[in-house]
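S.K.: What follows is the file input_33.txt, containing compact mmCIF, C-alpha atoms and all ligand atoms:
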# COMPACT_ATOMS: atom_id res chain seq x y z
CA MET A 1 -98.18 -25.08 -163.25
CA SER A 2 -100.48 -27.97 -163.94
CA VAL A 3 -101.74 -27.43 -167.50
CA ILE A 4 -98.98 -28.56 -169.86
CA LEU A 5 -98.88 -29.12 -173.60
CA GLY A 6 -98.38 -32.76 -174.60
CA ILE A 7 -97.43 -33.73 -178.17
CA ASP A 8 -97.50 -37.27 -179.54
CA ILE A 9 -95.40 -38.04 -182.63
CA GLY A 10 -97.04 -40.93 -184.47
CA GLY A 11 -96.54 -42.63 -187.82
CA SER A 12 -99.49 -40.90 -189.50
CA GLY A 13 -100.22 -37.89 -187.31
CA ILE A 14 -98.57 -35.55 -184.83
CA LYS A 15 -101.13 -34.62 -182.20
CA GLY A 16 -101.11 -32.14 -179.37
CA ALA A 17 -103.37 -30.92 -176.58
CA PRO A 18 -103.07 -29.12 -173.25
CA VAL A 19 -103.39 -31.53 -170.33
CA ASP A 20 -104.33 -30.90 -166.73
CA THR A 21 -101.63 -33.11 -165.23
CA ARG A 22 -103.46 -33.34 -161.87
CA THR A 23 -106.46 -35.07 -163.46
CA GLY A 24 -105.09 -36.41 -166.75
CA ARG A 25 -107.84 -34.57 -168.66
CA LEU A 26 -107.34 -32.60 -171.86
CA THR A 27 -108.38 -28.99 -171.32
CA ALA A 28 -108.89 -28.24 -175.03
CA GLU A 29 -109.57 -30.23 -178.16
CA ARG A 30 -106.65 -32.10 -179.75
CA HIS A 31 -105.03 -30.62 -182.81
CA ARG A 32 -103.57 -33.03 -185.38
CA ILE A 33 -101.20 -32.39 -188.26
CA PRO A 34 -100.28 -35.27 -190.63
CA THR A 35 -96.76 -36.62 -190.09
CA PRO A 36 -94.57 -35.38 -192.95
CA GLU A 37 -93.61 -38.10 -195.45
CA GLY A 38 -90.48 -39.91 -194.24
CA ALA A 39 -90.65 -38.32 -190.74
CA ALA A 40 -87.21 -36.69 -191.06
CA PRO A 41 -86.12 -34.65 -188.02
CA GLY A 42 -86.22 -31.23 -189.73
CA ASP A 43 -89.80 -31.75 -191.00
CA VAL A 44 -91.09 -33.16 -187.70
CA LYS A 45 -89.46 -30.27 -185.86
CA ARG A 46 -91.45 -27.77 -187.94
CA VAL A 47 -94.74 -29.55 -187.16
CA VAL A 48 -93.95 -29.62 -183.42
CA ALA A 49 -93.21 -25.87 -183.54
CA GLN A 50 -96.52 -25.31 -185.37
CA LEU A 51 -98.44 -27.18 -182.66
CA VAL A 52 -96.71 -25.22 -179.89
CA GLU A 53 -97.65 -22.01 -181.66
CA HIS A 54 -101.23 -23.20 -182.23
CA PHE A 55 -101.88 -23.61 -178.50
CA GLY A 56 -99.77 -20.65 -177.34
CA LEU A 57 -99.41 -22.16 -173.87
CA PRO A 58 -96.50 -20.93 -171.72
CA GLY A 59 -94.21 -23.38 -169.93
CA PRO A 60 -92.54 -26.70 -170.71
CA VAL A 61 -93.73 -29.07 -173.44
CA GLY A 62 -93.75 -32.88 -173.38
CA VAL A 63 -93.08 -34.72 -176.65
CA THR A 64 -93.25 -38.45 -177.36
CA PHE A 65 -90.97 -40.23 -179.81
CA PRO A 66 -91.46 -43.76 -181.28
CA GLY A 67 -87.97 -44.99 -180.37
CA ILE A 68 -85.43 -45.10 -177.53
CA VAL A 69 -85.04 -41.78 -175.66
CA GLN A 70 -82.11 -41.34 -173.31
CA ARG A 71 -80.80 -38.11 -171.87
CA GLY A 72 -82.61 -36.04 -174.50
CA HIS A 73 -81.19 -38.08 -177.40
CA THR A 74 -83.20 -40.30 -179.75
CA LEU A 75 -81.28 -43.54 -180.12
CA SER A 76 -83.31 -45.81 -182.39
CA ALA A 77 -85.66 -45.39 -185.34
CA ALA A 78 -87.46 -48.61 -186.24
CA ASN A 79 -90.36 -46.83 -187.94
CA VAL A 80 -89.05 -43.30 -188.55
CA HIS A 81 -86.20 -41.68 -190.48
CA PRO A 82 -82.72 -43.07 -189.60
CA ASP A 83 -81.40 -39.52 -189.09
CA TRP A 84 -83.04 -39.61 -185.62
CA ILE A 85 -80.45 -42.13 -184.42
CA GLY A 86 -78.02 -40.39 -182.08
CA LEU A 87 -79.71 -37.00 -182.45
CA ASP A 88 -79.92 -34.48 -179.59
CA ALA A 89 -83.66 -34.15 -180.23
CA ASP A 90 -84.24 -32.35 -176.96
CA SER A 91 -82.09 -29.43 -178.16
CA LEU A 92 -83.59 -29.62 -181.68
CA PHE A 93 -87.14 -29.13 -180.31
CA THR A 94 -86.12 -26.68 -177.59
CA ASP A 95 -84.38 -24.45 -180.17
CA ALA A 96 -87.29 -24.74 -182.63
CA THR A 97 -90.02 -23.89 -180.11
CA GLY A 98 -88.27 -21.63 -177.59
CA HIS A 99 -89.85 -23.82 -174.86
CA ASP A 100 -88.23 -26.27 -172.52
CA VAL A 101 -89.00 -29.59 -174.26
CA HIS A 102 -88.99 -32.98 -172.48
CA LEU A 103 -88.85 -36.10 -174.61
CA ILE A 104 -90.15 -39.55 -173.74
CA ASN A 105 -90.67 -42.81 -175.66
CA ASP A 106 -94.27 -43.02 -176.96
CA ALA A 107 -95.16 -46.30 -175.21
CA ASP A 108 -93.55 -45.11 -171.97
CA ALA A 109 -95.74 -42.00 -172.12
CA ALA A 110 -98.84 -44.10 -172.76
CA GLY A 111 -97.82 -46.40 -169.90
CA LEU A 112 -97.37 -43.57 -167.42
CA ALA A 113 -100.78 -42.19 -168.33
CA GLU A 114 -102.58 -45.55 -168.19
CA ALA A 115 -100.96 -46.46 -164.88
CA ARG A 116 -101.95 -43.18 -163.24
CA PHE A 117 -105.26 -42.26 -164.86
CA GLY A 118 -106.37 -45.22 -166.97
CA ALA A 119 -106.70 -49.00 -166.86
CA GLY A 120 -103.84 -49.44 -164.36
CA GLN A 121 -105.14 -46.98 -161.78
CA GLY A 122 -104.76 -48.39 -158.25
CA GLU A 123 -102.72 -51.41 -159.42
CA THR A 124 -99.84 -52.05 -157.02
CA GLY A 125 -97.92 -54.86 -158.74
CA THR A 126 -96.18 -55.22 -162.09
CA VAL A 127 -98.02 -53.76 -165.06
CA LEU A 128 -96.97 -54.17 -168.70
CA VAL A 129 -98.55 -51.72 -171.10
CA LEU A 130 -98.20 -52.78 -174.74
CA THR A 131 -99.18 -50.59 -177.68
CA PHE A 132 -100.07 -52.33 -180.94
CA GLY A 133 -99.84 -50.18 -184.06
CA THR A 134 -97.19 -49.87 -186.75
CA GLY A 135 -94.83 -51.41 -184.20
CA ILE A 136 -95.22 -52.80 -180.69
CA GLY A 137 -94.31 -50.43 -177.87
CA SER A 138 -93.88 -51.44 -174.23
CA ALA A 139 -93.91 -49.80 -170.82
CA LEU A 140 -92.95 -51.72 -167.69
CA ILE A 141 -94.34 -50.25 -164.48
CA TYR A 142 -93.91 -51.53 -160.97
CA GLY A 143 -95.67 -49.87 -158.03
CA GLY A 144 -96.37 -46.86 -160.25
CA THR A 145 -92.70 -46.44 -161.26
CA LEU A 146 -91.73 -46.74 -164.91
CA VAL A 147 -88.62 -48.57 -166.11
CA PRO A 148 -88.06 -46.60 -169.35
CA ASN A 149 -87.09 -47.88 -172.80
CA THR A 150 -87.89 -51.57 -172.38
CA GLU A 151 -88.44 -52.03 -176.18
CA LEU A 152 -90.15 -55.41 -175.74
CA GLY A 153 -91.59 -55.21 -179.26
CA HIS A 154 -88.13 -56.21 -180.45
CA LEU A 155 -88.07 -59.55 -178.62
CA TRP A 156 -87.55 -62.63 -180.73
CA LEU A 157 -90.00 -65.53 -180.39
CA ARG A 158 -87.91 -68.33 -181.84
CA ASP A 159 -87.44 -67.08 -185.43
CA LYS A 160 -90.13 -64.37 -185.23
CA HIS A 161 -89.41 -60.72 -184.48
CA ALA A 162 -92.36 -59.85 -182.20
CA GLU A 163 -93.30 -56.49 -183.70
CA THR A 164 -92.90 -57.63 -187.30
CA TRP A 165 -95.08 -60.68 -186.59
CA ALA A 166 -97.74 -59.49 -184.13
CA SER A 167 -98.22 -55.72 -184.50
CA ASP A 168 -101.44 -54.28 -185.87
CA ARG A 169 -99.56 -53.57 -189.10
CA ALA A 170 -98.73 -57.30 -189.30
CA ARG A 171 -102.45 -58.11 -188.88
CA GLU A 172 -103.27 -55.89 -191.85
CA ARG A 173 -100.27 -56.95 -193.94
CA ASP A 174 -100.98 -60.68 -193.49
CA ASP A 175 -104.74 -60.17 -193.81
CA LEU A 176 -105.39 -61.93 -190.48
CA ASN A 177 -108.80 -62.07 -188.86
CA TRP A 178 -108.95 -61.00 -185.21
CA LYS A 179 -108.84 -64.58 -183.94
CA GLN A 180 -105.72 -65.36 -185.98
CA TRP A 181 -104.03 -62.16 -184.85
CA SER A 182 -105.00 -62.85 -181.21
CA LYS A 183 -103.31 -66.23 -181.44
CA ARG A 184 -100.02 -64.53 -182.35
CA VAL A 185 -100.49 -61.94 -179.60
CA SER A 186 -101.25 -64.71 -177.07
CA THR A 187 -97.95 -66.43 -177.92
CA TYR A 188 -96.20 -63.11 -177.38
CA LEU A 189 -98.00 -62.36 -174.09
CA GLN A 190 -97.26 -65.84 -172.74
CA HIS A 191 -93.58 -65.33 -173.43
CA LEU A 192 -93.68 -61.99 -171.63
CA GLU A 193 -95.49 -63.68 -168.73
CA LEU A 194 -92.62 -66.12 -168.41
CA LEU A 195 -90.12 -63.26 -168.30
CA PHE A 196 -91.92 -60.69 -166.13
CA SER A 197 -94.95 -62.29 -164.41
CA PRO A 198 -96.99 -59.12 -164.77
CA ASP A 199 -100.14 -58.87 -162.67
CA LEU A 200 -101.76 -56.96 -165.48
CA PHE A 201 -101.29 -56.48 -169.22
CA ILE A 202 -102.84 -53.31 -170.64
CA ILE A 203 -103.35 -53.49 -174.40
CA GLY A 204 -103.11 -50.05 -175.98
CA GLY A 205 -102.54 -48.45 -179.37
CA GLY A 206 -105.09 -48.33 -182.18
CA VAL A 207 -106.47 -51.81 -181.33
CA SER A 208 -107.66 -50.66 -177.89
CA LYS A 209 -110.72 -49.08 -179.61
CA LYS A 210 -111.75 -52.52 -180.90
CA ALA A 211 -111.37 -54.61 -177.74
CA GLU A 212 -114.60 -56.50 -178.42
CA LYS A 213 -112.88 -58.05 -181.47
CA TRP A 214 -109.87 -59.55 -179.66
CA GLN A 215 -110.46 -59.62 -175.90
CA GLU A 216 -112.22 -63.00 -175.75
CA HIS A 217 -109.50 -64.61 -177.91
CA LEU A 218 -106.44 -63.60 -175.91
CA GLN A 219 -105.05 -66.32 -173.68
CA THR A 220 -102.54 -65.91 -170.87
CA GLU A 221 -101.54 -68.28 -168.09
CA ARG A 222 -101.71 -66.05 -165.02
CA SER A 223 -101.87 -62.37 -165.88
CA ARG A 224 -105.04 -60.36 -166.36
CA VAL A 225 -105.44 -58.60 -169.71
CA VAL A 226 -107.47 -55.42 -170.17
CA PRO A 227 -107.80 -52.84 -172.95
CA ALA A 228 -106.27 -49.40 -172.40
CA LYS A 229 -108.75 -46.77 -171.31
CA LEU A 230 -107.26 -43.53 -172.56
CA LEU A 231 -107.22 -44.66 -176.20
CA ASN A 232 -105.38 -42.25 -178.46
CA GLU A 233 -104.94 -39.62 -175.75
CA ALA A 234 -102.55 -41.68 -173.60
CA GLY A 235 -99.36 -40.50 -175.34
CA ILE A 236 -100.32 -36.83 -175.09
CA ILE A 237 -101.22 -37.18 -171.40
CA GLY A 238 -98.03 -39.08 -170.52
CA ALA A 239 -95.85 -36.58 -172.40
CA ALA A 240 -97.41 -33.73 -170.42
CA MET A 241 -96.91 -35.67 -167.14
CA MET A 242 -93.24 -36.07 -168.03
CA ALA A 243 -92.83 -32.35 -168.77
CA ALA A 244 -94.63 -31.48 -165.53
CA GLY A 245 -91.78 -33.28 -163.76
CA SER A 246 -94.14 -35.65 -161.98
CA ASP A 247 -91.29 -38.17 -161.68
CA PRO A 248 -87.89 -36.57 -160.97
CA ALA A 249 -86.06 -39.93 -161.13
CA LEU A 250 -87.43 -40.52 -164.62
CA ALA A 251 -86.49 -36.99 -165.68
CA ALA A 252 -82.91 -37.71 -164.60
CA VAL A 253 -82.69 -40.71 -166.93
CA LEU A 254 -84.53 -39.20 -169.88
CA ASP A 255 -83.58 -35.54 -169.70
CA GLU A 256 -80.37 -34.77 -167.92
CA PRO A 257 -77.17 -34.81 -169.95
CA ALA A 258 -74.74 -37.58 -169.03
CA ALA A 259 -71.07 -36.83 -168.40
CA SER A 260 -70.51 -38.11 -171.95
CA ALA A 261 -73.08 -38.36 -174.76
CA PRO A 262 -75.01 -41.66 -174.80
CA ARG A 263 -73.69 -44.24 -177.25
CA LYS A 264 -75.85 -45.53 -180.07
CA PRO A 265 -77.19 -49.03 -179.40
CA ARG A 266 -75.78 -51.62 -181.76
CA GLY A 267 -77.87 -53.18 -184.49
C1 LIG A 301 -90.06 -48.73 -181.27
C2 LIG A 301 -90.50 -48.35 -179.89
C3 LIG A 301 -91.89 -47.73 -179.96
C4 LIG A 301 -92.85 -48.66 -180.67
C5 LIG A 301 -94.22 -48.05 -180.83
C6 LIG A 301 -91.07 -49.65 -181.90
O1 LIG A 301 -90.68 -49.98 -183.19
O2 LIG A 301 -88.80 -49.38 -181.23
O3 LIG A 301 -89.61 -47.43 -179.31
O4 LIG A 301 -92.34 -47.47 -178.66
O5 LIG A 301 -92.35 -49.00 -181.95
O6 LIG A 301 -94.18 -46.88 -181.57
Rewrite the coordinates I just gave you, this time as structure tokens.
Ligand code: BGC
M.R.:
Amino acid sequence: MSVILGIDIGGSGIKGAPVDTRTGRLTAERHRIPTPEGAAPGDVKRVVAQLVEHFGLPGPVGVTFPGIVQRGHTLSAANVHPDWIGLDADSLFTDATGHDVHLINDADAAGLAEARFGAGQGETGTVLVLTFGTGIGSALIYGGTLVPNTELGHLWLRDKHAETWASDRARERDDLNWKQWSKRVSTYLQHLELLFSPDLFIIGGGVSKKAEKWQEHLQTERSRVVPAKLLNEAGIIGAAMMAAGSDPALAAVLDEPAASAPRKPRG
């Protein structure tokens, strides 16, 4: 089965579309439902079930989540309701939809999609996909293989929490022009360069639509920087790729129950 429903849970909207996972193309128009106020699990679950019903597609469903996902559990909630922490969200969605649901972190999904079908296509080295929106999401990919749940938006740059200081929300909150925001992002990218020496940074999230505003201002030492290509479809496509089981090793880490339930991260 190659056409799979992908659903992307975002801060303002929950979007779904069927994806041909061999080509990365959507086979029907996206359907979007506003994210319920507070994004509590029970409310989000109902919207996911509505989207599944809307498309009426048989087979597994891929769903993104804006936090850590390990063995079907959601383990952090920086920008959603705290009730997600420690929740067996895989079972929650599977029970609500009657479909086999596969969960993946939103930036990891975007990263998988960009690496395979977008701006990272054909790249053999280390690729870091960063999504700038309400938070900063990250996906680390080497030779096409994803290392899930890197959470590099939560790095500290001296006394600055990266996502609080350099996300797109921070740009709006602090009323920064694009050059000022790019300066913060450059500091962040240069720190990541020191840690990972990526061959390529792919800049995704809402800002990828406005690359002409920031691209010329971003400065790195060695790595190339390009805007993401799949724009706001990347999460949907990556979620569907995950559900299609295109990477069995990844499925083992994200989906399969551990001998004991995963522990909540501290902090
Ligand atoms: C979360 C990440 C997520 C990113 C983008 C961060 O606050 O911790 O898991 O990928 O926001 O949504």
S.K.: Could you jot down the atom CA of Ala119 of chain A to atom CA of Val226 of chain A separation for me, Å, one decimal place?
M.R.: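 Atom CA of Val226 of chain A lies 7.3 Å from atom CA of Ala119 of chain A.
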S.K.: Mind running chain A against ligand LIG 301 (chain A) at 8 Å and telling me each contacting residue's nearest atom pair with the distance in Å (one decimal), counting only C-alpha atoms and all ligand atoms, chain and number ascending, as CSV?
M.R.:
residue,atom,partner,partner_atom,distance
A:Gly10,CA,A:LIG301,O6,7.2
A:Gly11,CA,A:LIG301,O6,7.9
A:Phe65,CA,A:LIG301,O3,7.3
A:Pro66,CA,A:LIG301,O6,4.1
A:Gly67,CA,A:LIG301,O3,3.1
A:Ile68,CA,A:LIG301,O3,5.1
A:Ser76,CA,A:LIG301,O2,6.7
A:Ala77,CA,A:LIG301,O2,6.5
A:Ala78,CA,A:LIG301,O1,4.6
A:Asn79,CA,A:LIG301,O1,5.7
A:Asn105,CA,A:LIG301,O4,5.8
A:Asp106,CA,A:LIG301,O4,5.1
A:Ala107,CA,A:LIG301,O4,4.6
A:Asp108,CA,A:LIG301,O4,7.2
A:Thr131,CA,A:LIG301,C5,6.4
A:Phe132,CA,A:LIG301,C5,7.2
A:Gly133,CA,A:LIG301,C5,6.8
A:Thr134,CA,A:LIG301,O6,6.7
A:Gly135,CA,A:LIG301,O5,4.1
A:Ile136,CA,A:LIG301,C4,4.8
A:Gly137,CA,A:LIG301,C4,3.6
A:Ser138,CA,A:LIG301,O4,6.1
A:Asn149,CA,A:LIG301,O3,7.0
A:Glu151,CA,A:LIG301,C2,5.6
A:Gly153,CA,A:LIG301,C6,6.2
A:His154,CA,A:LIG301,O2,6.9
A:Glu163,CA,A:LIG301,O1,7.0
S.K.: Using only C-alpha atoms, find the one residue out of A:Ser167, A:Ser197, A:Ser182, A:Thr187 that sits nearest to Leu140 of chain A.
M.R.: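 Residue with the minimum atom-to-atom distance to Leu140 of chain A: A:Ser197.
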S.K.: Considering all atoms listed in the file, can you say which of A:Arg71, A:Lys179, A:His191, A:His161 comes closest to Pro148 of chain A?
M.R.: A:Arg71
S.K.: For atom CA of Asp247 of chain A and atom CA of Gly144 of chain A, quote the distance in Å rounded to one decimal.
M.R.: 10.2 Å
S.K.: Would you please work out which residue, of A:Arg171, A:His54, A:Arg184, A:Lys229, is nearest to Gly24 of chain A when using all atoms listed in the file?
M.R.: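 Ranking A:Arg171, A:His54, A:Arg184, A:Lys229 by distance to Gly24 of chain A, first place goes to A:Lys229.
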